[in-house]
Every structure is written in structure tokens, then in C-alpha cells.
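Q: My structure is stored as upload_24.csv, with CSV, C-alpha atoms.
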```
chain,number,residue,atom,x,y,z
A,89,MET,CA,-1.2,-9.1,-4.9
A,90,ARG,CA,0.2,-6.5,-2.5
A,91,PHE,CA,-0.4,-8.9,0.4
A,92,ALA,CA,1.5,-11.7,-1.3
A,93,HIS,CA,4.3,-9.3,-2.3
A,94,TYR,CA,4.7,-7.8,1.2
A,95,GLY,CA,4.5,-11.2,2.8
A,96,ALA,CA,7.2,-12.7,0.5
A,97,LEU,CA,9.7,-9.9,1.0
A,98,LEU,CA,9.1,-9.8,4.8
A,99,TRP,CA,9.5,-13.6,5.0
A,100,LEU,CA,12.6,-13.8,2.8
A,101,PHE,CA,14.7,-11.5,4.9
A,102,GLY,CA,13.3,-12.6,8.3
A,103,TRP,CA,13.8,-16.3,7.5
A,104,THR,CA,17.4,-16.0,6.3
A,105,ALA,CA,18.5,-13.3,8.8
A,106,PHE,CA,17.1,-15.2,11.8
A,107,ARG,CA,18.8,-18.4,10.6
A,108,LEU,CA,22.1,-16.5,10.7
A,109,LEU,CA,21.6,-14.6,13.9
A,110,LYS,CA,20.2,-17.3,16.2
A,111,LEU,CA,20.4,-20.8,14.7
A,112,ARG,CA,23.7,-20.9,12.8
A,113,HIS,CA,25.6,-22.6,15.7
A,114,LEU,CA,23.0,-25.3,16.4
A,115,GLU,CA,24.1,-28.7,15.2
A,116,TRP,CA,20.6,-30.0,15.3
A,117,VAL,CA,19.3,-27.4,12.9
A,118,SER,CA,20.2,-28.7,9.4
A,119,GLN,CA,21.8,-26.3,6.9
A,120,ASP,CA,19.1,-27.4,4.4
A,121,GLU,CA,16.2,-26.9,6.8
A,122,GLY,CA,13.4,-25.1,5.0
A,123,ARG,CA,15.6,-24.8,1.9
A,124,THR,CA,12.9,-25.8,-0.6
A,125,ALA,CA,10.3,-23.3,0.7
A,126,LEU,CA,13.0,-20.6,0.8
A,127,THR,CA,13.9,-21.2,-2.8
A,128,LEU,CA,10.3,-21.3,-4.0
A,129,VAL,CA,9.5,-18.0,-2.3
A,130,ALA,CA,12.7,-16.5,-3.7
A,131,ILE,CA,11.6,-17.5,-7.2
A,132,CYS,CA,8.1,-16.1,-6.7
A,133,ALA,CA,9.2,-12.8,-5.2
A,134,PRO,CA,10.6,-11.2,-8.4
A,135,LEU,CA,7.6,-12.4,-10.4
A,136,LEU,CA,5.3,-10.9,-7.9
A,137,SER,CA,7.2,-7.6,-8.0
A,138,ILE,CA,7.0,-7.5,-11.8
A,139,ALA,CA,3.2,-8.3,-11.7
A,140,LEU,CA,2.5,-5.7,-9.0
A,141,MET,CA,4.5,-3.0,-10.9
A,142,LEU,CA,2.5,-3.7,-14.1
A,143,VAL,CA,-0.8,-3.5,-12.2
A,144,SER,CA,0.3,-0.3,-10.5
A,145,ILE,CA,1.3,1.3,-13.9
A,146,ALA,CA,-2.1,0.3,-15.3
A,147,ALA,CA,-3.9,1.8,-12.3
A,148,MET,CA,-2.0,5.1,-12.6
A,149,MET,CA,-2.6,5.3,-16.3
A,150,GLY,CA,-6.3,4.4,-15.9
A,151,ALA,CA,-5.9,1.6,-18.5
A,152,PRO,CA,-6.2,-2.2,-18.5
A,153,ILE,CA,-2.9,-4.1,-18.3
A,154,ALA,CA,-3.4,-5.5,-21.8
A,155,SER,CA,-3.3,-2.0,-23.3
A,156,LEU,CA,0.1,-1.1,-21.8
A,157,ASP,CA,2.9,-0.7,-24.4
A,158,TRP,CA,6.6,-0.7,-23.8
A,159,PRO,CA,7.2,3.1,-24.1
A,160,MET,CA,4.5,3.7,-21.5
A,161,ILE,CA,6.0,1.1,-19.1
A,162,GLU,CA,9.5,2.4,-19.7
A,163,ALA,CA,8.5,6.0,-19.0
A,164,MET,CA,6.9,5.0,-15.7
A,165,ILE,CA,9.8,2.9,-14.6
A,166,ILE,CA,12.7,5.1,-15.7
A,167,GLY,CA,11.0,8.4,-15.0
A,168,THR,CA,9.6,7.8,-11.5
A,169,GLU,CA,11.1,7.2,-8.1
A,170,MET,CA,8.8,4.2,-7.6
A,171,GLY,CA,10.0,2.7,-10.9
A,172,MET,CA,13.7,3.1,-10.0
A,173,ALA,CA,13.0,1.5,-6.6
A,174,PHE,CA,11.3,-1.4,-8.5
A,175,LEU,CA,14.4,-1.9,-10.7
A,176,VAL,CA,16.7,-2.0,-7.6
A,177,ARG,CA,14.3,-4.3,-5.8
A,178,LEU,CA,14.2,-6.7,-8.8
A,179,ALA,CA,18.0,-6.7,-9.1
A,180,LEU,CA,18.4,-7.5,-5.4
A,181,LEU,CA,15.8,-10.2,-5.4
A,182,ILE,CA,17.4,-11.9,-8.4
A,183,ALA,CA,20.9,-11.6,-6.8
A,184,GLY,CA,19.5,-13.1,-3.6
A,185,LEU,CA,18.0,-16.0,-5.5
A,186,CYS,CA,21.3,-16.6,-7.3
A,187,ALA,CA,23.2,-16.5,-3.9
A,188,LEU,CA,20.8,-19.2,-2.5
A,189,LEU,CA,21.4,-21.4,-5.5
A,190,ALA,CA,25.1,-21.0,-5.5
A,191,ASP,CA,27.4,-23.4,-3.6
A,192,ARG,CA,24.3,-25.2,-2.3
A,193,ALA,CA,23.5,-22.1,-0.2
A,194,GLY,CA,26.3,-22.3,2.4
A,195,ARG,CA,26.6,-19.8,5.2
A,196,GLN,CA,28.4,-17.2,3.2
A,197,ALA,CA,25.9,-17.5,0.3
A,198,THR,CA,23.0,-17.2,2.8
A,199,LEU,CA,24.6,-14.1,4.3
A,200,ILE,CA,24.7,-12.5,0.8
A,201,ALA,CA,21.1,-13.5,0.2
A,202,ALA,CA,20.0,-12.0,3.5
A,203,MET,CA,21.7,-8.7,2.6
A,204,CYS,CA,20.1,-8.7,-0.8
A,205,PHE,CA,16.6,-9.4,0.7
A,206,ALA,CA,17.2,-6.7,3.3
A,207,GLY,CA,17.9,-4.2,0.5
A,208,ALA,CA,14.9,-5.4,-1.5
A,209,LEU,CA,12.7,-4.9,1.6
A,210,LEU,CA,14.0,-1.4,2.1
A,211,THR,CA,13.0,-0.4,-1.4
A,212,LEU,CA,9.3,-0.7,-0.3
A,213,SER,CA,9.9,2.6,1.5
A,214,TRP,CA,10.3,4.4,-1.8
A,215,SER,CA,6.6,3.8,-2.6
A,216,GLY,CA,3.4,4.3,-0.7
A,217,HIS,CA,3.0,6.9,2.1
A,218,ALA,CA,6.7,7.1,2.9
A,219,ALA,CA,7.4,8.2,-0.6
A,220,ALA,CA,5.0,11.1,-0.4
A,221,THR,CA,7.2,13.0,2.1
A,222,GLU,CA,9.7,15.2,0.3
A,223,GLY,CA,13.1,16.6,1.1
A,224,GLY,CA,15.2,15.7,4.1
A,225,LEU,CA,12.1,14.8,6.1
A,226,GLY,CA,11.2,12.4,3.3
A,227,LEU,CA,14.5,10.6,3.5
A,228,PHE,CA,14.1,10.3,7.3
A,229,HIS,CA,10.6,8.9,6.7
A,230,ARG,CA,11.9,6.3,4.3
A,231,LEU,CA,14.7,5.3,6.6
A,232,ASN,CA,12.4,5.1,9.6
A,233,ASN,CA,10.0,3.0,7.6
A,234,GLY,CA,12.9,0.8,6.5
A,235,VAL,CA,13.8,0.1,10.2
A,236,HIS,CA,10.2,-0.7,10.8
A,237,LEU,CA,10.1,-3.2,8.0
A,238,LEU,CA,13.4,-4.9,9.0
A,239,ALA,CA,12.3,-5.2,12.7
A,240,THR,CA,8.9,-6.6,11.7
A,241,SER,CA,10.6,-9.0,9.2
A,242,LEU,CA,12.9,-10.4,11.8
A,243,TRP,CA,10.0,-10.9,14.2
A,244,LEU,CA,8.1,-12.7,11.5
A,245,GLY,CA,11.1,-14.9,10.7
A,246,ALA,CA,11.5,-15.9,14.4
A,247,ILE,CA,7.8,-16.9,14.5
A,248,CYS,CA,8.1,-19.0,11.4
A,249,TRP,CA,11.3,-20.7,12.5
A,250,PHE,CA,10.1,-21.5,16.0
A,251,LEU,CA,6.8,-22.9,14.7
A,252,MET,CA,8.5,-25.1,12.2
A,253,LEU,CA,11.1,-26.4,14.7
A,254,THR,CA,8.4,-26.9,17.3
A,255,VAL,CA,6.3,-29.0,14.9
A,256,LYS,CA,9.4,-31.0,13.9
A,257,ALA,CA,10.4,-31.5,17.6
A,258,GLN,CA,7.1,-33.1,18.2
A,259,ARG,CA,7.1,-35.3,15.2
A,260,GLN,CA,10.8,-36.2,15.2
A,261,PRO,CA,12.1,-35.8,18.8
A,262,ASP,CA,15.3,-37.7,17.9
A,263,LEU,CA,16.3,-35.0,15.5
A,264,ILE,CA,15.1,-31.8,17.3
A,265,PRO,CA,15.7,-32.0,21.1
A,266,ALA,CA,12.8,-30.4,23.0
A,267,LEU,CA,14.7,-28.8,25.9
A,268,PRO,CA,17.5,-27.2,23.8
A,269,LEU,CA,14.9,-25.7,21.5
A,270,LEU,CA,13.1,-24.2,24.5
A,271,ARG,CA,16.4,-22.8,25.7
A,272,VAL,CA,16.9,-21.1,22.3
A,273,MET,CA,13.4,-19.6,22.5
A,274,HIS,CA,14.1,-18.4,26.0
A,275,ALA,CA,17.3,-16.8,24.8
A,276,PHE,CA,15.5,-15.0,22.0
A,277,ALA,CA,13.4,-13.0,24.5
A,278,PRO,CA,15.8,-10.0,24.8
A,279,LEU,CA,16.1,-9.7,21.0
A,280,GLY,CA,12.3,-10.2,20.6
A,281,VAL,CA,11.7,-7.3,23.1
A,282,GLY,CA,14.1,-5.1,21.1
A,283,LEU,CA,12.4,-5.9,17.8
A,284,VAL,CA,9.0,-5.2,19.2
A,285,ALA,CA,10.2,-1.9,20.7
A,286,ALA,CA,11.8,-0.9,17.4
A,287,ALA,CA,8.7,-1.7,15.4
A,288,ALA,CA,6.4,0.1,17.9
A,289,LEU,CA,8.6,3.3,18.0
A,290,THR,CA,9.1,3.5,14.2
A,291,GLY,CA,5.4,2.8,13.8
A,292,VAL,CA,4.4,5.8,15.9
A,293,ILE,CA,6.9,8.0,14.0
A,294,ASN,CA,5.4,6.8,10.7
A,295,ALA,CA,1.9,7.7,12.0
A,296,GLN,CA,3.2,11.2,12.9
A,297,LEU,CA,4.8,11.7,9.5
A,298,ILE,CA,1.8,10.4,7.6
A,299,PHE,CA,-1.1,12.2,9.3
A,300,GLY,CA,0.1,13.8,12.5
A,301,LEU,CA,-0.7,12.4,15.8
A,302,GLU,CA,-2.6,15.5,16.7
A,303,ASN,CA,-5.1,14.6,14.0
A,304,SER,CA,-5.7,11.1,15.4
A,305,VAL,CA,-9.3,11.7,16.4
A,306,ALA,CA,-10.3,12.9,12.9
A,307,VAL,CA,-8.3,10.1,11.2
A,308,LEU,CA,-9.8,7.4,13.3
A,309,SER,CA,-13.3,8.3,12.0
A,310,THR,CA,-12.2,7.4,8.5
A,311,PRO,CA,-12.0,4.0,6.8
A,312,TYR,CA,-8.2,4.3,7.0
A,313,GLY,CA,-8.4,5.0,10.8
A,314,ILE,CA,-10.7,2.0,11.4
A,315,LEU,CA,-8.3,-0.3,9.6
A,316,LEU,CA,-5.4,1.2,11.5
A,317,VAL,CA,-7.1,0.5,14.8
A,318,ALA,CA,-7.7,-3.1,13.6
A,319,LYS,CA,-4.0,-3.4,12.8
A,320,VAL,CA,-3.0,-2.1,16.3
A,321,ILE,CA,-5.4,-4.6,17.9
A,322,LEU,CA,-4.0,-7.5,16.0
A,323,VAL,CA,-0.4,-6.4,16.9
A,324,GLY,CA,-1.5,-6.2,20.5
A,325,MET,CA,-2.8,-9.8,20.3
A,326,MET,CA,0.5,-10.9,18.7
A,327,LEU,CA,2.3,-9.4,21.7
A,328,ALA,CA,0.1,-11.3,24.0
A,329,PHE,CA,0.9,-14.6,22.2
A,330,GLY,CA,4.6,-13.6,22.3
A,331,ALA,CA,4.5,-13.0,26.0
A,332,GLN,CA,2.8,-16.4,26.5
A,333,ASN,CA,5.6,-18.1,24.4
A,334,ALA,CA,8.3,-16.4,26.5
A,335,ALA,CA,6.6,-17.5,29.7
A,336,ILE,CA,6.3,-21.1,28.6
A,337,GLY,CA,9.9,-21.2,27.5
A,338,ARG,CA,11.1,-19.6,30.7
A,339,TRP,CA,9.2,-21.9,33.0
A,340,GLU,CA,10.4,-25.0,31.2
A,341,VAL,CA,14.1,-23.9,31.1
A,342,LEU,CA,14.3,-22.6,34.7
A,343,ASP,CA,12.4,-25.5,36.3
A,344,GLN,CA,14.7,-28.5,36.0
A,345,ARG,CA,12.0,-30.9,37.2
A,346,HIS,CA,10.4,-30.6,33.8
A,347,GLU,CA,13.4,-32.0,31.9
A,348,THR,CA,11.9,-35.4,31.2
A,349,ALA,CA,8.3,-35.1,30.1
A,350,GLU,CA,7.1,-31.6,30.5
A,351,PRO,CA,9.1,-30.1,27.5
A,352,HIS,CA,6.9,-32.1,25.1
A,353,THR,CA,3.7,-30.7,26.7
A,354,ALA,CA,5.2,-27.2,26.5
A,355,LEU,CA,5.9,-27.8,22.8
A,356,LEU,CA,2.3,-28.6,22.2
A,357,ARG,CA,1.3,-25.3,23.9
A,358,LEU,CA,3.9,-23.4,22.0
A,359,ARG,CA,2.8,-24.9,18.7
A,360,ARG,CA,-0.7,-23.6,19.2
A,361,SER,CA,0.5,-20.2,20.4
A,362,LEU,CA,2.9,-19.7,17.6
A,363,ALA,CA,0.3,-20.8,15.0
A,364,GLY,CA,-2.1,-18.2,16.4
A,365,GLU,CA,0.6,-15.5,16.3
A,366,LEU,CA,1.5,-16.4,12.7
A,367,LEU,CA,-2.2,-16.2,11.7
A,368,LEU,CA,-2.4,-12.7,13.3
A,369,ALA,CA,0.7,-11.7,11.5
A,370,GLY,CA,-0.9,-12.6,8.2
A,371,GLY,CA,-3.9,-10.4,9.2
A,372,VAL,CA,-1.5,-7.5,9.9
A,373,ILE,CA,0.3,-7.8,6.6
A,374,GLY,CA,-3.1,-7.9,4.8
A,375,LEU,CA,-4.2,-4.7,6.6
A,376,VAL,CA,-0.9,-3.0,5.7
A,377,ALA,CA,-1.3,-4.0,2.1
A,378,VAL,CA,-4.7,-2.3,2.1
A,379,LEU,CA,-3.7,0.7,4.1
A,380,GLY,CA,-0.9,1.5,1.6
A,381,THR,CA,-3.6,2.2,-1.0
A,382,MET,CA,-5.7,4.5,1.1
A,383,SER,CA,-5.4,8.2,2.2
A,384,PRO,CA,-5.8,9.0,5.9
A,385,MET,CA,-6.5,12.7,5.2
A,386,MET,CA,-9.9,14.1,5.8
A,387,PRO,CA,-11.2,17.0,3.6
A,388,MET,CA,-11.3,19.3,6.7
A,389,MET,CA,-7.6,18.6,7.3
A,390,MET,CA,-6.5,19.6,3.8
```
Please, can you express the file's structure as C-alpha cells?
A:
Amino acid sequence: MRFAHYGALLWLFGWTAFRLLKLRHLEWVSQDEGRTALTLVAICAPLLSIALMLVSIAAMMGAPIASLDWPMIEAMIIGTEMGMAFLVRLALLIAGLCALLADRAGRQATLIAAMCFAGALLTLSWSGHAAATEGGLGLFHRLNNGVHLLATSLWLGAICWFLMLTVKAQRQPDLIPALPLLRVMHAFAPLGVGLVAAAALTGVINAQLIFGLENSVAVLSTPYGILLVAKVILVGMMLAFGAQNAAIGRWEVLDQRHETAEPHTALLRLRRSLAGELLLAGGVIGLVAVLGTMSPMMPMMM
């Protein structure tokens, strides 16, 4: 459930924000592109958030969900920081959904939805490890984690958009021109590098705030540390796929001899590479969902 919840929130902001940042001026990208999937995920996200909150309350109370009563639920939601973050998240998700459904989701409505989804994503920093830090350092930890989530979300949104457009360019070349799509992917490279750098830097800061980098050797011998290493490896593999994507796009754009036939061959290579990168991203989100329930601290470090 945590995996589905994280994945939905990351995808919602990344998909809408990347559409506005990089694709809004492209005539060959329809305004309704991916609209059905976006609406379905936007509907499911608040339901997932409610379900996850109920499960979390039951776990904290040590009771089955069926035994929860309203006073107990109200006390946990109103009386805790996690509960207040849940209320804000739920309100933002519903507002984002309403914005998408309003006015057939024009650009202005999509901008409002993206802002709502960004806010909902940021509320995740008020639970888990980031919420355990107190005071001014705690606020910094939450904000740092928020930047980490936003950068990661945009990266995920770019992968999903490029994969969908690449598949469509292969199947319907009359609707999605190959070479212009490759040019867009080539132009994304500077932003992609910036997103990766932001995610990496904030990730290192998160690690320092959670367990202290000086304790890395001890932490890496724990189940938490093992999963953390697995996450880093998967991210490294994603970077390798991203570098391959950039190299393919750069080669096809700069070498004008490939304007006729080669872009379609490049699209096939990109499709496979992007699919592999997206699969790895799913693995990373799954590991993050599990890591959020674990403690990195060893008894000797307490």
C-alpha cells in the first residue's frame, strides 16, 4: 500500500509538471494525451491515502482495522502531526482532481493541479524518518526531503512521458514525428542532470540527518543498510540508462545523415532503455516504501 501511495503521488506531480515545463508548446502533443490515466490515478490517490492512514492508525494502536472507532481515528488525525499532514494531503489531492475535471483540464487547470499535487507530495515529509527530527533541524530535514521528492517526481514524470511518446511515435509516426521527439529528449538533458544532482545531494543530506554518515559502516550491516545499498545500486543503474538515452538522442540530433531512417531505429532503442529505467524506478519506490518502516539505528549506536 505504501508503494502504491508513493508511486501515485510521485507520478501525479511528475506527469503534470513535466507536461507544463517541457511539452506545452509542442503542437504534436495533444492536450488530452494521457488524460484518462491521469484522471484514474488522481481518483485513486485520495482513496489510497485514506486506506494507508487507517492501516497506520491500526498499526500504532496495535488493533485490527475493523476495531477502530471514530473517537480513536479522530484523536490520531487531529492530535498528531502525521494526521494533520494527512488532512492537508487529502484536501490537496481532492483539489487537484477537481482542477483536472474542471474546464476539460486546460493549461490553467493543469497548472493548478500540478501545484496541488506538489503540495500533496511535500506532506509526505511530515511522516517517516523526516518527521522524527525535531526543532529547526527538523524543519530543514522536511524541506530537504521535499526537494528530494519533487526532483525525483519530475525525473519519473520525464521517463513516463518519453516512454509513452516513443511508443506512440513508433505506432503512429504520422502523429508523433520521430526527429522532433528526439530533439525534445536531447534538450531535456540539462534539466535531467539538474534533477539527478538535486536528488543525489538531498539524498546524501537525508542520510546524514537520519543516521549520520559517520555511522555508515555500522548501518550497512543492518537490514536497513542492505536495502539502502540496493536502492543506491538501482539508482546507479537508472543513471546508466539515462546516460544511454541522452547519448542516443544526441547522436541522432547532431548527425543529420540520420534524418530519414535512423530516428526510427533510435526510437526502438530508446523504448527498451526507457522501459528498463521505469522498471528500475518501480524497484526504487518499492525499496523506499519498505525503508520508511524500518529503523537504521543499531543498539550500539543508541
Q: Taking into account all atoms listed in the file, which residue in the set A:His113, A:Leu315, A:Met164, A:Leu135 is nearest to Gly374 (chain A)?
A: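 Smallest distance to Gly374 (chain A) is found for A:Leu315.
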Q: Could you pull out every residue with an atom within 12 Å of (12.7, -24.3, 6.5), file coordinates, counting only C-alpha atoms, and send them as a PyMOL selection string?
A: chain A and resi 99-100+102-104+106-107+111+117-129+245-256
Q: Just want the 12 Å neighbourhood of Thr310 (chain A), counted on all atoms listed in the file, with same-chain residues fewer than 2 positions away dropped. Output as a list in words.
A: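 In the requested form, the answer reads Asn303, Ser304, Val305, Ala306, Val307, Leu308, Tyr312, Gly313, Ile314, Leu315, Leu316, Val317, Leu379, Met382, Ser383, Pro384, Met385, Met386 and Pro387 of chain A.
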Q: Export C-alpha atoms of the chosen residues as a compact mmCIF listing (two decimals), in the coordinates of the input?
A:
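File selection-v3.txt, as written:
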```
# COMPACT_ATOMS: atom_id res chain seq x y z
CA ASN A 303 -5.10 14.60 14.00
CA SER A 304 -5.70 11.10 15.40
CA VAL A 305 -9.30 11.70 16.40
CA ALA A 306 -10.30 12.90 12.90
CA VAL A 307 -8.30 10.10 11.20
CA LEU A 308 -9.80 7.40 13.30
CA TYR A 312 -8.20 4.30 7.00
CA GLY A 313 -8.40 5.00 10.80
CA ILE A 314 -10.70 2.00 11.40
CA LEU A 315 -8.30 -0.30 9.60
CA LEU A 316 -5.40 1.20 11.50
CA VAL A 317 -7.10 0.50 14.80
CA LEU A 379 -3.70 0.70 4.10
CA MET A 382 -5.70 4.50 1.10
CA SER A 383 -5.40 8.20 2.20
CA PRO A 384 -5.80 9.00 5.90
CA MET A 385 -6.50 12.70 5.20
CA MET A 386 -9.90 14.10 5.80
CA PRO A 387 -11.20 17.00 3.60
```
Q: If you measure from CA of Phe299 (chain A) to CA of Gly226 (chain A), what distance in Å do you get, rounded to one decimal?
A: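 These atoms are spaced 13.7 Å apart.
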Q: Separation of CA of Leu375 (chain A) and CA of Ala318 (chain A), in Å?
A: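 Atom-to-atom, CA of Leu375 (chain A) to CA of Ala318 (chain A), that is 8.0 Å.
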Q: Separation of CA of Leu97 (chain A) and CA of Phe205 (chain A), in Å?
A: 6.9 Å
Q: For region 365-369 of chain A, please output as a PyMOL selection string all residues within 7 Å (counting only C-alpha atoms; exclusion window: fewer than 2 positions along the same chain).
A: chain A and resi 247+322+326+329+361-363+371-373
Q: Which of these residues is nearest to Trp214 (chain A), using all atoms listed in the file: A:Ala295, A:Met172, A:Leu189, A:Ala335?
A: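 Using all atoms listed in the file, Trp214 (chain A) sits closest to A:Met172.
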Q: With all atoms listed in the file as the atoms that count, which of A:Ala202, A:Ile131, A:Ala218, A:Ala105 lies nearest to Ile182 (chain A)?
A: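 That would be A:Ile131, the residue with the smallest distance to Ile182 (chain A).
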Q: When distances are computed from all atoms listed in the file, which of A:Ala147, A:Leu181, A:Gly216, A:Leu98 shows the smallest separation from Trp243 (chain A)?
A: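 For Trp243 (chain A), the nearest of the given residues is A:Leu98.
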Q: Using all atoms listed in the file, find the one residue out of A:Pro152, A:Gly184, A:Pro265, A:Gly282 that sits nearest to Leu355 (chain A).
A: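 For Leu355 (chain A), the nearest of the candidates is A:Pro265.
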Q: Please work out which residues fall within 12 Å of (4.8, 7.1, 1.1), coordinates as given in the file, with only C-alpha atoms counting, and return them as a PyMOL selection string.
A: chain A and resi 169-170+211-222+225-234+294-295+297-299+379-384
Q: Quick one: of A:Ala257, A:Ala275, A:Leu301, A:Val292, who's nearest to Arg359 (chain A), counting only C-alpha atoms?
A: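 Looking at the shortest contact to Arg359 (chain A), the residue is A:Ala257.
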Q: Would you pick out the contacts of Met89 (chain A) at 12 Å or less, using all atoms listed in the file, so that residues sharing its chain but fewer than 4 positions from it are not included, and give the list as JSON, numbers by chain?
A: {"A": [93, 94, 95, 96, 132, 133, 135, 136, 137, 138, 139, 140, 141, 142, 143, 144, 373, 374, 377, 378]}
Q: How would region 236-245 of chain A look with all heavy atoms restored, written as a PDB file, in the coordinates of the input?
A:
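Wrote it out as result32.pdb, contents follow:
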```
ATOM      1  N   HIS A 236      11.414  -0.052  10.441  1.00  0.00           N
ATOM      2  CA  HIS A 236      10.200  -0.700  10.800  1.00  0.00           C
ATOM      3  C   HIS A 236       9.971  -2.020  10.092  1.00  0.00           C
ATOM      4  O   HIS A 236       9.609  -3.037  10.700  1.00  0.00           O
ATOM      5  CB  HIS A 236       8.995   0.261  10.499  1.00  0.00           C
ATOM      6  CG  HIS A 236       7.655  -0.236  10.922  1.00  0.00           C
ATOM      7  ND1 HIS A 236       7.229  -0.219  12.242  1.00  0.00           N
ATOM      8  CD2 HIS A 236       6.632  -0.777  10.208  1.00  0.00           C
ATOM      9  CE1 HIS A 236       6.007  -0.715  12.316  1.00  0.00           C
ATOM     10  NE2 HIS A 236       5.632  -1.070  11.102  1.00  0.00           N
ATOM     11  N   LEU A 237      10.257  -2.008   8.793  1.00  0.00           N
ATOM     12  CA  LEU A 237      10.100  -3.200   8.000  1.00  0.00           C
ATOM     13  C   LEU A 237      11.113  -4.296   8.405  1.00  0.00           C
ATOM     14  O   LEU A 237      10.765  -5.482   8.512  1.00  0.00           O
ATOM     15  CB  LEU A 237      10.286  -2.886   6.511  1.00  0.00           C
ATOM     16  CG  LEU A 237       9.168  -2.068   5.861  1.00  0.00           C
ATOM     17  CD1 LEU A 237       9.584  -1.628   4.458  1.00  0.00           C
ATOM     18  CD2 LEU A 237       7.873  -2.879   5.789  1.00  0.00           C
ATOM     19  N   LEU A 238      12.360  -3.907   8.650  1.00  0.00           N
ATOM     20  CA  LEU A 238      13.400  -4.900   9.000  1.00  0.00           C
ATOM     21  C   LEU A 238      13.080  -5.519  10.373  1.00  0.00           C
ATOM     22  O   LEU A 238      13.225  -6.743  10.541  1.00  0.00           O
ATOM     23  CB  LEU A 238      14.756  -4.207   9.052  1.00  0.00           C
ATOM     24  CG  LEU A 238      15.320  -3.735   7.706  1.00  0.00           C
ATOM     25  CD1 LEU A 238      16.642  -3.006   7.912  1.00  0.00           C
ATOM     26  CD2 LEU A 238      15.498  -4.908   6.742  1.00  0.00           C
ATOM     27  N   ALA A 239      12.669  -4.702  11.348  1.00  0.00           N
ATOM     28  CA  ALA A 239      12.300  -5.200  12.700  1.00  0.00           C
ATOM     29  C   ALA A 239      11.147  -6.183  12.593  1.00  0.00           C
ATOM     30  O   ALA A 239      11.145  -7.270  13.189  1.00  0.00           O
ATOM     31  CB  ALA A 239      12.049  -4.094  13.643  1.00  0.00           C
ATOM     32  N   THR A 240      10.136  -5.764  11.839  1.00  0.00           N
ATOM     33  CA  THR A 240       8.900  -6.600  11.700  1.00  0.00           C
ATOM     34  C   THR A 240       9.295  -7.919  10.978  1.00  0.00           C
ATOM     35  O   THR A 240       8.798  -8.992  11.337  1.00  0.00           O
ATOM     36  CB  THR A 240       7.874  -5.855  10.872  1.00  0.00           C
ATOM     37  OG1 THR A 240       7.568  -4.623  11.533  1.00  0.00           O
ATOM     38  CG2 THR A 240       6.613  -6.693  10.734  1.00  0.00           C
ATOM     39  N   SER A 241      10.156  -7.822   9.973  1.00  0.00           N
ATOM     40  CA  SER A 241      10.600  -9.000   9.200  1.00  0.00           C
ATOM     41  C   SER A 241      11.291 -10.019  10.095  1.00  0.00           C
ATOM     42  O   SER A 241      11.036 -11.226  10.025  1.00  0.00           O
ATOM     43  CB  SER A 241      11.442  -8.583   8.042  1.00  0.00           C
ATOM     44  OG  SER A 241      11.878  -9.700   7.304  1.00  0.00           O
ATOM     45  N   LEU A 242      12.217  -9.535  10.929  1.00  0.00           N
ATOM     46  CA  LEU A 242      12.900 -10.400  11.800  1.00  0.00           C
ATOM     47  C   LEU A 242      11.982 -11.097  12.831  1.00  0.00           C
ATOM     48  O   LEU A 242      12.127 -12.287  13.167  1.00  0.00           O
ATOM     49  CB  LEU A 242      14.020  -9.667  12.574  1.00  0.00           C
ATOM     50  CG  LEU A 242      15.387  -9.596  11.900  1.00  0.00           C
ATOM     51  CD1 LEU A 242      16.316  -8.665  12.660  1.00  0.00           C
ATOM     52  CD2 LEU A 242      16.011 -10.984  11.775  1.00  0.00           C
ATOM     53  N   TRP A 243      11.037 -10.334  13.316  1.00  0.00           N
ATOM     54  CA  TRP A 243      10.000 -10.900  14.200  1.00  0.00           C
ATOM     55  C   TRP A 243       9.243 -11.986  13.532  1.00  0.00           C
ATOM     56  O   TRP A 243       9.037 -13.073  14.092  1.00  0.00           O
ATOM     57  CB  TRP A 243       9.112  -9.743  14.690  1.00  0.00           C
ATOM     58  CG  TRP A 243       8.126 -10.109  15.767  1.00  0.00           C
ATOM     59  CD1 TRP A 243       8.103 -11.244  16.526  1.00  0.00           C
ATOM     60  CD2 TRP A 243       7.015  -9.324  16.202  1.00  0.00           C
ATOM     61  NE1 TRP A 243       7.041 -11.217  17.401  1.00  0.00           N
ATOM     62  CE2 TRP A 243       6.363 -10.048  17.231  1.00  0.00           C
ATOM     63  CE3 TRP A 243       6.514  -8.079  15.831  1.00  0.00           C
ATOM     64  CZ2 TRP A 243       5.224  -9.566  17.872  1.00  0.00           C
ATOM     65  CZ3 TRP A 243       5.381  -7.597  16.481  1.00  0.00           C
ATOM     66  CH2 TRP A 243       4.752  -8.333  17.491  1.00  0.00           C
ATOM     67  N   LEU A 244       8.818 -11.727  12.290  1.00  0.00           N
ATOM     68  CA  LEU A 244       8.100 -12.700  11.500  1.00  0.00           C
ATOM     69  C   LEU A 244       8.946 -13.965  11.265  1.00  0.00           C
ATOM     70  O   LEU A 244       8.467 -15.103  11.375  1.00  0.00           O
ATOM     71  CB  LEU A 244       7.623 -12.122  10.197  1.00  0.00           C
ATOM     72  CG  LEU A 244       6.900 -13.064   9.225  1.00  0.00           C
ATOM     73  CD1 LEU A 244       5.592 -13.552   9.839  1.00  0.00           C
ATOM     74  CD2 LEU A 244       6.636 -12.370   7.896  1.00  0.00           C
ATOM     75  N   GLY A 245      10.225 -13.740  10.938  1.00  0.00           N
ATOM     76  CA  GLY A 245      11.100 -14.900  10.700  1.00  0.00           C
ATOM     77  C   GLY A 245      11.272 -15.744  11.936  1.00  0.00           C
ATOM     78  O   GLY A 245      11.295 -16.978  11.846  1.00  0.00           O
TER      79      GLY A 245
END
```
